[in-house]
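**Student:** Data: work-v7.txt, compact mmCIF, C-alpha atoms.
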```txt
# COMPACT_ATOMS: atom_id res chain seq x y z
CA MET A 22 140.76 81.67 38.59
CA THR A 23 138.93 82.73 41.73
CA ARG A 24 136.99 85.95 42.06
CA ASP A 25 139.56 87.29 44.56
CA LEU A 26 142.38 86.76 42.07
CA ARG A 27 140.46 88.51 39.30
CA THR A 28 139.72 91.41 41.62
CA ALA A 29 143.37 91.62 42.74
CA ARG A 30 144.54 91.70 39.13
CA THR A 31 142.04 94.44 38.28
CA GLY A 32 143.14 96.42 41.31
CA ALA A 33 146.82 96.07 40.40
CA VAL A 34 146.21 97.28 36.84
CA LEU A 35 144.11 100.17 38.18
CA THR A 36 146.98 101.19 40.47
CA PHE A 37 149.34 101.38 37.49
CA VAL A 38 146.77 103.46 35.58
CA LEU A 39 146.41 105.88 38.51
CA ALA A 40 150.18 106.22 38.90
CA GLY A 41 150.56 107.03 35.21
CA LEU A 42 147.70 109.52 35.44
CA LEU A 43 149.25 111.33 38.43
CA CYS A 44 152.76 111.48 37.02
CA GLY A 45 151.60 112.37 33.50
CA SER A 46 149.30 115.11 34.77
CA MET A 47 152.18 116.79 36.59
CA THR A 48 154.41 116.51 33.52
CA VAL A 49 151.89 117.94 31.08
CA ARG A 50 151.23 120.99 33.28
CA ILE A 51 154.87 121.84 34.05
CA PRO A 52 154.77 124.76 31.56
CA ALA A 53 151.66 126.13 33.28
CA LEU A 54 153.28 125.82 36.72
CA SER A 55 156.31 127.62 35.32
CA ASP A 56 154.16 130.45 33.96
CA LYS A 57 152.14 130.68 37.18
CA LEU A 58 155.23 131.23 39.33
CA GLY A 59 157.48 132.85 36.73
CA LEU A 60 160.09 130.09 36.87
CA SER A 61 163.13 129.99 34.61
CA GLU A 62 164.10 126.86 32.68
CA ALA A 63 166.85 126.23 35.24
CA SER A 64 164.32 126.45 38.07
CA VAL A 65 162.01 124.01 36.31
CA GLY A 66 164.96 121.66 35.97
CA VAL A 67 165.58 121.89 39.71
CA VAL A 68 161.93 121.12 40.44
CA LEU A 69 162.10 117.98 38.29
CA LEU A 70 165.43 116.97 39.82
CA VAL A 71 164.01 117.30 43.36
CA TRP A 72 161.03 115.17 42.32
CA GLY A 73 163.31 112.49 40.90
CA LEU A 74 165.66 112.50 43.89
CA GLY A 75 162.69 112.20 46.27
CA ALA A 76 161.46 109.16 44.36
CA LEU A 77 164.94 107.63 44.22
CA VAL A 78 165.60 108.06 47.96
CA THR A 79 162.28 106.48 48.85
CA MET A 80 162.81 103.58 46.47
CA GLN A 81 166.18 102.78 47.97
CA SER A 82 164.76 102.88 51.50
CA MET A 83 161.83 100.65 50.59
CA ARG A 84 163.87 97.44 50.91
CA ALA A 85 163.46 97.48 54.67
CA VAL A 86 159.93 98.92 54.63
CA MET A 87 158.61 96.32 52.20
CA THR A 88 160.11 93.50 54.25
CA ARG A 89 158.34 94.70 57.39
CA VAL A 90 154.88 95.73 56.14
CA GLY A 91 154.46 94.46 52.54
CA SER A 92 153.14 96.09 49.39
CA ARG A 93 149.48 96.06 50.44
CA SER A 94 150.05 98.26 53.48
CA VAL A 95 152.38 100.59 51.59
CA LEU A 96 149.91 101.11 48.74
CA ARG A 97 147.02 101.84 51.09
CA VAL A 98 149.02 104.74 52.54
CA ALA A 99 151.29 105.91 49.71
CA ALA A 100 148.74 106.05 46.86
CA PRO A 101 146.43 108.52 48.64
CA LEU A 102 149.51 110.49 49.77
CA ALA A 103 150.65 110.79 46.16
CA ALA A 104 147.30 112.34 45.24
CA ILE A 105 147.41 114.70 48.23
CA THR A 106 150.95 115.85 47.46
CA LEU A 107 149.91 116.56 43.86
CA ILE A 108 147.32 118.96 45.29
CA MET A 109 150.09 120.55 47.38
CA LEU A 110 152.12 120.98 44.21
CA ALA A 111 149.19 122.61 42.44
CA LEU A 112 148.55 125.01 45.32
CA ALA A 113 152.19 125.93 45.98
CA PRO A 114 152.45 129.75 45.98
CA SER A 115 156.22 130.11 45.51
CA PHE A 116 159.35 128.43 44.18
CA PRO A 117 160.48 127.14 47.62
CA ALA A 118 156.98 125.75 48.24
CA VAL A 119 157.03 124.04 44.85
CA LEU A 120 160.37 122.44 45.70
CA VAL A 121 158.99 121.06 48.97
CA ALA A 122 155.79 119.80 47.32
CA SER A 123 157.74 118.30 44.42
CA GLY A 124 160.04 116.44 46.80
CA LEU A 125 157.10 115.09 48.82
CA PHE A 126 155.26 114.08 45.66
CA GLY A 127 158.40 112.29 44.44
CA MET A 128 158.78 110.46 47.74
CA ALA A 129 155.14 109.33 47.76
CA PHE A 130 155.36 108.34 44.11
CA GLY A 131 158.56 106.35 44.71
CA ALA A 132 156.79 104.34 47.42
CA VAL A 133 153.82 103.73 45.11
CA ASP A 134 156.07 102.62 42.26
CA VAL A 135 157.92 100.00 44.30
CA ALA A 136 154.78 98.76 46.06
CA MET A 137 152.69 98.47 42.90
CA ASN A 138 155.43 96.43 41.20
CA ALA A 139 155.71 94.20 44.26
CA GLN A 140 151.92 93.80 44.28
CA GLY A 141 152.07 93.01 40.56
CA SER A 142 154.63 90.32 41.33
CA ALA A 143 152.36 88.86 44.03
CA VAL A 144 149.43 88.77 41.60
CA GLU A 145 151.65 87.27 38.91
CA ARG A 146 152.78 84.51 41.25
CA ALA A 147 149.23 83.77 42.35
CA HIS A 148 148.13 83.39 38.72
CA GLY A 149 151.20 81.35 37.78
CA ARG A 150 151.77 83.15 34.48
CA PRO A 151 153.34 86.41 33.25
CA LEU A 152 151.16 89.47 33.81
CA MET A 153 153.59 92.30 34.53
CA ASN A 154 153.71 93.71 31.00
CA GLY A 155 149.94 94.06 30.99
CA MET A 156 150.08 95.91 34.29
CA HIS A 157 152.70 98.31 32.95
CA ALA A 158 150.41 98.84 29.96
CA GLY A 159 148.09 100.36 32.55
CA TRP A 160 150.78 102.94 33.27
CA CYS A 161 150.93 103.84 29.57
CA ALA A 162 147.15 104.14 29.45
CA GLY A 163 147.24 106.44 32.47
CA ALA A 164 150.01 108.59 30.98
CA ILE A 165 148.23 108.88 27.64
CA SER A 166 144.99 109.77 29.44
CA ALA A 167 146.88 112.44 31.38
CA GLY A 168 148.06 113.94 28.11
CA LEU A 169 144.58 113.95 26.59
CA LEU A 170 142.95 115.36 29.73
CA GLY A 171 145.72 117.94 30.02
CA ALA A 172 145.21 119.02 26.42
CA ALA A 173 141.46 119.32 27.05
CA ALA A 174 142.07 121.33 30.24
CA ILE A 175 144.43 123.69 28.42
CA ALA A 176 141.98 124.12 25.54
CA ALA A 177 139.20 124.91 28.02
CA GLY A 178 141.38 127.45 29.80
CA LEU A 179 141.26 125.51 33.08
CA PRO A 180 143.85 126.87 35.57
CA VAL A 181 146.61 124.45 36.47
CA THR A 182 145.60 124.54 40.15
CA VAL A 183 142.03 123.47 39.36
CA HIS A 184 143.11 120.85 36.83
CA LEU A 185 145.63 119.06 39.07
CA THR A 186 143.31 119.26 42.08
CA LEU A 187 140.48 117.64 40.11
CA ILE A 188 142.82 114.87 38.93
CA ALA A 189 143.95 114.21 42.51
CA LEU A 190 140.36 114.15 43.79
CA LEU A 191 139.49 111.66 41.05
CA VAL A 192 142.43 109.44 42.02
CA LEU A 193 141.78 109.41 45.78
CA PRO A 194 138.65 107.16 45.86
CA ALA A 195 140.00 104.98 43.05
CA ALA A 196 143.25 104.46 44.99
CA ALA A 197 141.26 103.58 48.11
CA PHE A 198 139.33 100.95 46.13
CA ALA A 199 142.51 99.51 44.58
CA GLY A 200 144.12 99.25 48.01
CA ARG A 201 141.26 97.06 49.22
CA THR A 202 141.87 94.54 46.40
CA CYS A 203 145.56 93.89 47.16
CA LEU A 204 146.89 90.42 47.87
CA PRO A 205 149.24 89.84 50.82
CA ASP A 206 152.90 89.43 49.86
CA ALA A 207 154.64 86.11 50.29
CA ALA A 208 155.85 85.73 53.86
CA PRO A 209 159.65 86.05 53.94
CA SER A 210 161.73 83.41 55.62
CA PRO A 211 162.89 84.81 58.97
CA GLY A 212 166.59 85.17 59.57
CA ARG A 213 168.38 85.24 62.87
CA GLY A 214 166.51 87.22 65.45
CA GLY A 215 163.33 87.02 63.39
CA THR A 216 164.52 89.55 60.84
CA ALA A 217 164.05 88.90 57.14
CA PRO A 218 167.41 88.23 55.54
CA ALA A 219 166.75 90.74 52.75
CA THR A 220 167.38 93.59 55.16
CA ARG A 221 170.68 92.15 56.40
CA ARG A 222 172.56 90.85 53.38
CA ARG A 223 173.06 91.63 49.76
CA MET A 224 170.50 90.54 47.22
CA PRO A 225 171.27 87.66 44.85
CA PRO A 226 173.60 88.90 42.09
CA VAL A 227 170.85 88.60 39.48
CA VAL A 228 168.88 91.38 41.21
CA TYR A 229 171.73 93.80 40.53
CA LEU A 230 172.04 92.52 36.96
CA LEU A 231 168.33 93.18 36.47
CA GLY A 232 168.83 96.59 38.07
CA VAL A 233 171.44 97.48 35.44
CA ILE A 234 169.12 96.27 32.66
CA ALA A 235 166.30 98.40 34.11
CA PHE A 236 168.76 101.32 34.36
CA CYS A 237 169.46 101.05 30.62
CA ALA A 238 165.78 100.76 29.70
CA PHE A 239 164.72 103.70 31.87
CA MET A 240 167.63 105.75 30.51
CA VAL A 241 166.31 105.17 26.99
CA GLU A 242 162.80 106.18 28.06
CA GLY A 243 164.02 109.31 29.85
CA THR A 244 166.18 110.32 26.91
CA ILE A 245 163.26 110.07 24.51
CA ALA A 246 160.84 111.85 26.84
CA ASP A 247 163.13 114.85 27.36
CA TRP A 248 164.99 115.22 24.07
CA ASN A 249 163.02 113.78 21.16
CA GLY A 250 160.88 116.91 20.67
CA LEU A 251 163.95 119.15 20.55
CA TYR A 252 165.65 116.75 18.13
CA LEU A 253 162.66 116.71 15.78
CA ARG A 254 162.34 120.50 15.83
CA ASP A 255 165.94 121.71 15.85
CA VAL A 256 167.77 118.95 13.95
CA LEU A 257 165.11 117.74 11.49
CA GLY A 258 163.30 121.08 11.19
CA ALA A 259 159.86 119.81 12.17
CA PRO A 260 157.12 122.33 13.03
CA GLU A 261 156.29 122.55 16.75
CA ALA A 262 153.06 120.59 16.30
CA THR A 263 154.85 117.75 14.48
CA ALA A 264 157.69 117.68 17.02
CA ALA A 265 155.13 117.34 19.82
CA LEU A 266 153.84 114.09 18.28
CA GLY A 267 157.04 112.16 18.89
CA TYR A 268 156.54 111.34 22.57
CA PRO A 269 152.82 110.38 22.48
CA ILE A 270 153.54 108.14 19.48
CA PHE A 271 156.41 106.57 21.44
CA GLU A 272 154.01 106.01 24.37
CA ALA A 273 151.45 104.46 22.02
CA GLY A 274 154.13 102.02 20.87
CA MET A 275 154.94 101.26 24.51
CA LEU A 276 151.27 100.55 25.19
CA ALA A 277 151.01 98.18 22.22
CA GLY A 278 154.23 96.39 23.16
CA ARG A 279 153.14 95.87 26.74
CA LEU A 280 149.66 94.67 25.83
CA ALA A 281 151.23 91.93 23.71
CA GLY A 282 154.29 91.38 25.90
CA ASP A 283 152.96 88.77 28.31
CA ARG A 284 151.77 86.50 25.50
CA VAL A 285 155.12 86.78 23.72
CA ARG A 286 157.01 86.09 26.94
CA ALA A 287 154.90 83.00 27.61
CA ARG A 288 156.07 81.59 24.26
CA SER A 289 159.69 82.74 24.05
CA GLY A 290 160.81 83.25 27.65
CA ALA A 291 162.07 86.44 29.30
CA ARG A 292 165.74 86.02 28.38
CA GLY A 293 165.23 85.67 24.63
CA MET A 294 162.62 88.41 24.64
CA MET A 295 164.96 90.84 26.39
CA ILE A 296 167.79 90.11 23.95
CA VAL A 297 165.52 90.77 20.98
CA SER A 298 164.05 93.86 22.64
CA GLY A 299 167.49 95.35 23.25
CA LEU A 300 168.65 94.78 19.68
CA ALA A 301 165.35 96.07 18.29
CA THR A 302 165.69 99.21 20.43
CA ALA A 303 169.14 99.85 18.98
CA VAL A 304 167.99 99.30 15.39
CA THR A 305 164.76 101.30 15.58
CA PHE A 306 166.35 104.24 17.35
CA GLY A 307 169.14 104.11 14.80
CA VAL A 308 166.45 104.66 12.17
CA VAL A 309 165.27 107.73 14.11
CA LEU A 310 168.80 109.15 14.05
CA ILE A 311 169.41 108.58 10.34
CA ALA A 312 165.89 109.55 9.24
CA PRO A 313 166.02 112.20 6.48
CA THR A 314 162.74 113.87 7.49
CA ALA A 315 160.71 114.40 10.63
CA PRO A 316 157.71 112.26 9.53
CA VAL A 317 160.03 109.27 9.06
CA ALA A 318 161.57 109.82 12.50
CA VAL A 319 158.16 110.26 14.15
CA SER A 320 156.93 107.03 12.55
CA ALA A 321 160.03 105.20 13.76
CA MET A 322 159.32 106.38 17.32
CA LEU A 323 156.30 104.04 17.36
CA PHE A 324 158.58 101.05 16.80
CA VAL A 325 161.12 102.26 19.38
CA GLY A 326 158.26 102.24 21.90
CA VAL A 327 157.26 98.70 20.94
CA ALA A 328 160.88 97.53 21.19
CA VAL A 329 161.80 98.92 24.60
CA ALA A 330 158.36 98.60 26.22
CA THR A 331 158.77 95.18 27.84
CA VAL A 332 162.30 95.47 29.20
CA SER A 333 161.62 97.27 32.49
CA PRO A 334 158.42 95.31 33.32
CA MET A 335 160.25 92.01 32.79
CA ALA A 336 163.18 93.22 34.90
CA MET A 337 160.75 93.99 37.73
CA SER A 338 158.98 90.67 37.28
CA LEU A 339 162.20 88.64 37.36
CA ALA A 340 163.48 90.63 40.34
CA GLY A 341 160.26 89.77 42.17
CA GLY A 342 160.93 86.09 41.50
CA ALA A 343 164.57 86.23 42.58
CA THR A 344 163.80 86.07 46.30
CA ALA A 345 161.05 84.62 48.44
CA ASP A 346 159.90 88.14 49.36
CA PRO A 347 159.55 90.23 46.17
CA GLY A 348 159.32 93.67 47.80
CA PRO A 349 162.99 94.32 48.70
CA SER A 350 164.37 92.94 45.43
CA ILE A 351 161.92 95.02 43.38
CA ALA A 352 162.86 98.07 45.46
CA GLN A 353 166.53 97.53 44.64
CA THR A 354 165.89 96.99 40.92
CA GLY A 355 163.48 99.94 40.78
CA ALA A 356 165.92 102.31 42.49
CA MET A 357 168.68 101.37 40.04
CA GLY A 358 166.28 101.76 37.13
CA TYR A 359 165.09 105.19 38.12
CA ALA A 360 168.67 106.37 38.46
CA GLY A 361 168.86 105.84 34.69
CA LEU A 362 165.72 107.92 34.22
CA LEU A 363 167.45 110.81 36.01
CA LEU A 364 170.89 110.36 34.46
CA GLY A 365 169.89 109.81 30.83
CA PRO A 366 168.77 113.35 29.94
CA VAL A 367 171.83 114.79 31.71
CA VAL A 368 174.26 112.62 29.73
CA VAL A 369 172.56 113.49 26.45
CA GLY A 370 172.66 117.19 27.29
CA PHE A 371 176.38 117.03 28.06
CA LEU A 372 177.16 115.17 24.83
CA ALA A 373 174.99 117.58 22.85
CA ASP A 374 177.06 120.47 24.24
CA VAL A 375 180.42 118.95 23.36
CA ALA A 376 179.31 117.39 20.05
CA THR A 377 175.80 117.42 18.54
CA LEU A 378 172.34 116.45 19.74
CA ARG A 379 172.26 113.59 17.24
CA ALA A 380 175.52 112.26 18.69
CA GLY A 381 174.14 112.60 22.22
CA LEU A 382 171.02 110.66 21.33
CA GLY A 383 173.25 107.92 19.94
CA VAL A 384 173.60 106.83 23.58
CA ALA A 385 170.17 105.21 23.24
CA VAL A 386 171.48 102.96 20.47
CA LEU A 387 174.39 101.84 22.66
CA LEU A 388 172.01 101.23 25.57
CA GLY A 389 169.89 98.94 23.41
CA VAL A 390 172.96 96.87 22.55
CA LEU A 391 173.94 96.80 26.24
CA ILE A 392 170.46 95.55 27.23
CA ALA A 393 170.83 92.64 24.80
CA ALA A 394 174.36 91.85 26.02
CA LEU A 395 173.37 91.87 29.70
CA ALA A 396 170.23 89.82 29.05
CA TRP A 397 172.47 87.08 27.65
CA PHE A 398 173.46 86.26 31.27
CA LEU A 399 169.87 85.70 32.40
CA PRO A 400 168.51 82.14 32.89
CA ARG A 401 168.19 79.99 29.79
CA SER A 402 164.59 79.07 30.48
CA ARG A 403 161.39 79.20 28.48
CA THR A 404 159.40 79.29 31.69
CA SER A 405 156.94 82.17 31.54
CA ALA A 406 156.54 82.56 35.29
CA VAL A 407 159.07 80.93 37.60
CA PRO A 408 157.37 79.20 40.54
CA VAL A 409 158.03 80.87 43.87
CA GLU A 410 159.92 78.01 45.41
CA ARG A 411 162.26 77.70 42.40
CA ALA A 412 162.85 81.36 41.72
CA PRO A 413 165.67 82.11 44.16
CA ARG A 414 167.75 79.08 43.19
CA GLU A 415 167.37 79.34 39.42
CA LEU A 416 167.87 83.07 39.16
CA SER A 417 170.78 83.18 41.59
CA MET A 418 172.63 80.47 39.68
CA ALA A 419 172.20 82.44 36.48
CA ALA A 420 174.13 85.46 37.74
```
Transcribe the structure of this file into structure tokens.
**Tutor:**
Amino acid sequence: MTRDLRTARTGAVLTFVLAGLLCGSMTVRIPALSDKLGLSEASVGVVLLVWGLGALVTMQSMRAVMTRVGSRSVLRVAAPLAAITLIMLALAPSFPAVLVASGLFGMAFGAVDVAMNAQGSAVERAHGRPLMNGMHAGWCAGAISAGLLGAAAIAAGLPVTVHLTLIALLVLPAAAFAGRTCLPDAAPSPGRGGTAPATRRRMPPVVYLLGVIAFCAFMVEGTIADWNGLYLRDVLGAPEATAALGYPIFEAGMLAGRLAGDRVRARSGARGMMIVSGLATAVTFGVVLIAPTAPVAVSAMLFVGVAVATVSPMAMSLAGGATADPGPSIAQTGAMGYAGLLLGPVVVGFLADVATLRAGLGVAVLLGVLIAALAWFLPRSRTSAVPVERAPRELSMAA
């Protein structure tokens, strides 16, 4: 391994850490932003929806952008913009200003998300072995750090404006460094008129299959993030402090699963690993739903995190190997995945209204089974990292 490859891998992991830190910092201070501006719960929901829609719109548009300029150029612009728009969010003096800042932050973050996964795919290809799970572990580390720093800021009485501004100022130079370590993307094969074919025709069918798998995985993650605390408190009667432990424990499980995920994938292959992960998600979340007490449910959340952790990183990795140019295919898979992140909490809320919260959360069990069923149609290969020149043919035939 050359020094440049080691540096590129370090920079890619750092980018994931910074993205998790930015997103997690916003999430942990949402209550403070609400108190600062006197927002209702409905208004907070609108702010989060605008953020998600901004990210989703950018992700969908990134197919063409990534084909033209590549992940390196996008990251060098979008990562600093994400930090700057977080400052705008922190300084926003009114609800309309928060909506504008939230939408801009979501758009910048959507560009970062697609580009960092495409850069991860480029690094993975250069190394010739699976690395994407380890990079996504960086996201978990950033999100957990955001929670710890947020808790410390709250305990110290640090205003939300100061806290988020300091986080953004910390991220800016680190993002600039990470941008300098990026590898160039693989050059796409030109189509007629010199235009990359990814912008003119549909992706290979497997990209959309991977998008649906990512949709299911992100829907599980969004459901747990938004509803597990309420379930632990209102259904199982946990104290507020105990209920608050569910999500960080889930994230800790995700971190552990992703740290080990690349080694497991190298031995068992992505297809078999996804099937097992989907079934394990269904079983472990089933334990959460039938748990008689909150401590049992909270403990089970660790194993849910381990089970679902590797599904979305592997979907991104395989999408990056499905075409000669990974950027557009990762953009398509990422956009479909994040739609699940937005839709999941809404579906659970609707089902909770017409039935019970426990019944609504049962969707996560069904999604785990669906992940396993869809993964059955992926390539029957034990190859840990499909070579670039073989990826389009093998993955397209599998669809």
**Student:** A:Leu251, A:Leu323, A:Val135, A:Ala273: which is nearest Gln353 in chain A, counting all atoms listed in the file?
**Tutor:**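 Closest to Gln353 in chain A, using all atoms listed in the file: A:Val135.
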**Student:** Please report as a tab-separated table every residue of range 113-165 of chain A lying within 12 Å of range 178-197 of chain A, along with the nearest atom pair and their distance in Å (one decimal), using all atoms listed in the file.
**Tutor:**
```
residue	atom	partner	partner_atom	distance
A:Ala113	CA	A:Thr182	CA	8.9
A:Pro114	CA	A:Thr182	CA	10.4
A:Phe126	CA	A:Ala189	CA	11.7
A:Val133	CA	A:Ala196	CA	10.6
A:Met137	CA	A:Ala196	CA	11.4
A:Gly163	CA	A:Val192	CA	11.1
```
**Student:** Counting all atoms listed in the file, find the residues whose atoms lie at most 9 Å from (143.2, 91.1, 42.8) (file coordinates) and write them out as a ChimeraX atom specification.
**Tutor:** /A:24-33,144,199,201-204
**Student:** Using the selection just defined, write its residues with C-alpha atoms as a PDB file, keeping the file's coordinate frame.
**Tutor:**
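And here's again-v7.pdb as it stands now:
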```pdb
ATOM      1  CA  ARG A  24     136.990  85.950  42.060  1.00  0.00           C
ATOM      2  CA  ASP A  25     139.560  87.290  44.560  1.00  0.00           C
ATOM      3  CA  LEU A  26     142.380  86.760  42.070  1.00  0.00           C
ATOM      4  CA  ARG A  27     140.460  88.510  39.300  1.00  0.00           C
ATOM      5  CA  THR A  28     139.720  91.410  41.620  1.00  0.00           C
ATOM      6  CA  ALA A  29     143.370  91.620  42.740  1.00  0.00           C
ATOM      7  CA  ARG A  30     144.540  91.700  39.130  1.00  0.00           C
ATOM      8  CA  THR A  31     142.040  94.440  38.280  1.00  0.00           C
ATOM      9  CA  GLY A  32     143.140  96.420  41.310  1.00  0.00           C
ATOM     10  CA  ALA A  33     146.820  96.070  40.400  1.00  0.00           C
ATOM     11  CA  VAL A 144     149.430  88.770  41.600  1.00  0.00           C
ATOM     12  CA  ALA A 199     142.510  99.510  44.580  1.00  0.00           C
ATOM     13  CA  ARG A 201     141.260  97.060  49.220  1.00  0.00           C
ATOM     14  CA  THR A 202     141.870  94.540  46.400  1.00  0.00           C
ATOM     15  CA  CYS A 203     145.560  93.890  47.160  1.00  0.00           C
ATOM     16  CA  LEU A 204     146.890  90.420  47.870  1.00  0.00           C
TER      17      LEU A 204
END
```
**Student:** Quick one: of A:Pro151, A:Tyr359, A:Met337, A:Leu382, who's nearest to Gly290 in chain A, counting all atoms listed in the file?
**Tutor:**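 Of A:Pro151, A:Tyr359, A:Met337, A:Leu382, the one nearest Gly290 in chain A, counting all atoms listed in the file, is A:Pro151.
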**Student:** Using all atoms listed in the file for the distances, tell me which of A:Ser298, A:Ser338, A:Ser123, A:Ser46 is nearest to Thr354 in chain A.
**Tutor:**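 Looking at the shortest contact to Thr354 in chain A, the residue is A:Ser338.
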**Student:** Please provide as a list in words all residues within 10 Å of Asn138 in chain A, with the sequence filter that same-chain residues fewer than 6 positions apart are discarded (counting only C-alpha atoms).
**Tutor:** Ala33, Thr36, Phe37, Ser92, Val144, Met153, Met156, His157, Pro334, Met337, Ser338, Ala340, Gly341, Pro347, Gly348, Ile351, Ala352 and Gly355 of chain A
**Student:** Can you pull out the residues contacting Leu152 in chain A? Cut-off 10 Å, using all atoms listed in the file, and skip same-chain residues under 3 positions away; I want them as a ChimeraX atom specification.
**Tutor:** /A:30,34,141-142,144-146,148-149,155-157,279-280,282-284,286-287,334-335,338,405-406
**Student:** Rounded to one decimal in Å, what is the spacing between CA of Gly171 in chain A and CA of Ile270 in chain A?
**Tutor:**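 So the two atoms, CA of Gly171 in chain A and CA of Ile270 in chain A, lie 16.4 Å apart.
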**Student:** Figure out the distance between CA of Pro349 in chain A and CA of Ala85 in chain A, please, to one decimal in Å.
**Tutor:** 6.8 Å
**Student:** I need the residue nearest Leu378 in chain A from this list: A:Asn249, A:Thr263, A:Thr106, A:Thr305. Use all atoms listed in the file for the distance.
**Tutor:**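 Answer, going by the shortest atom-to-atom distance: A:Asn249.
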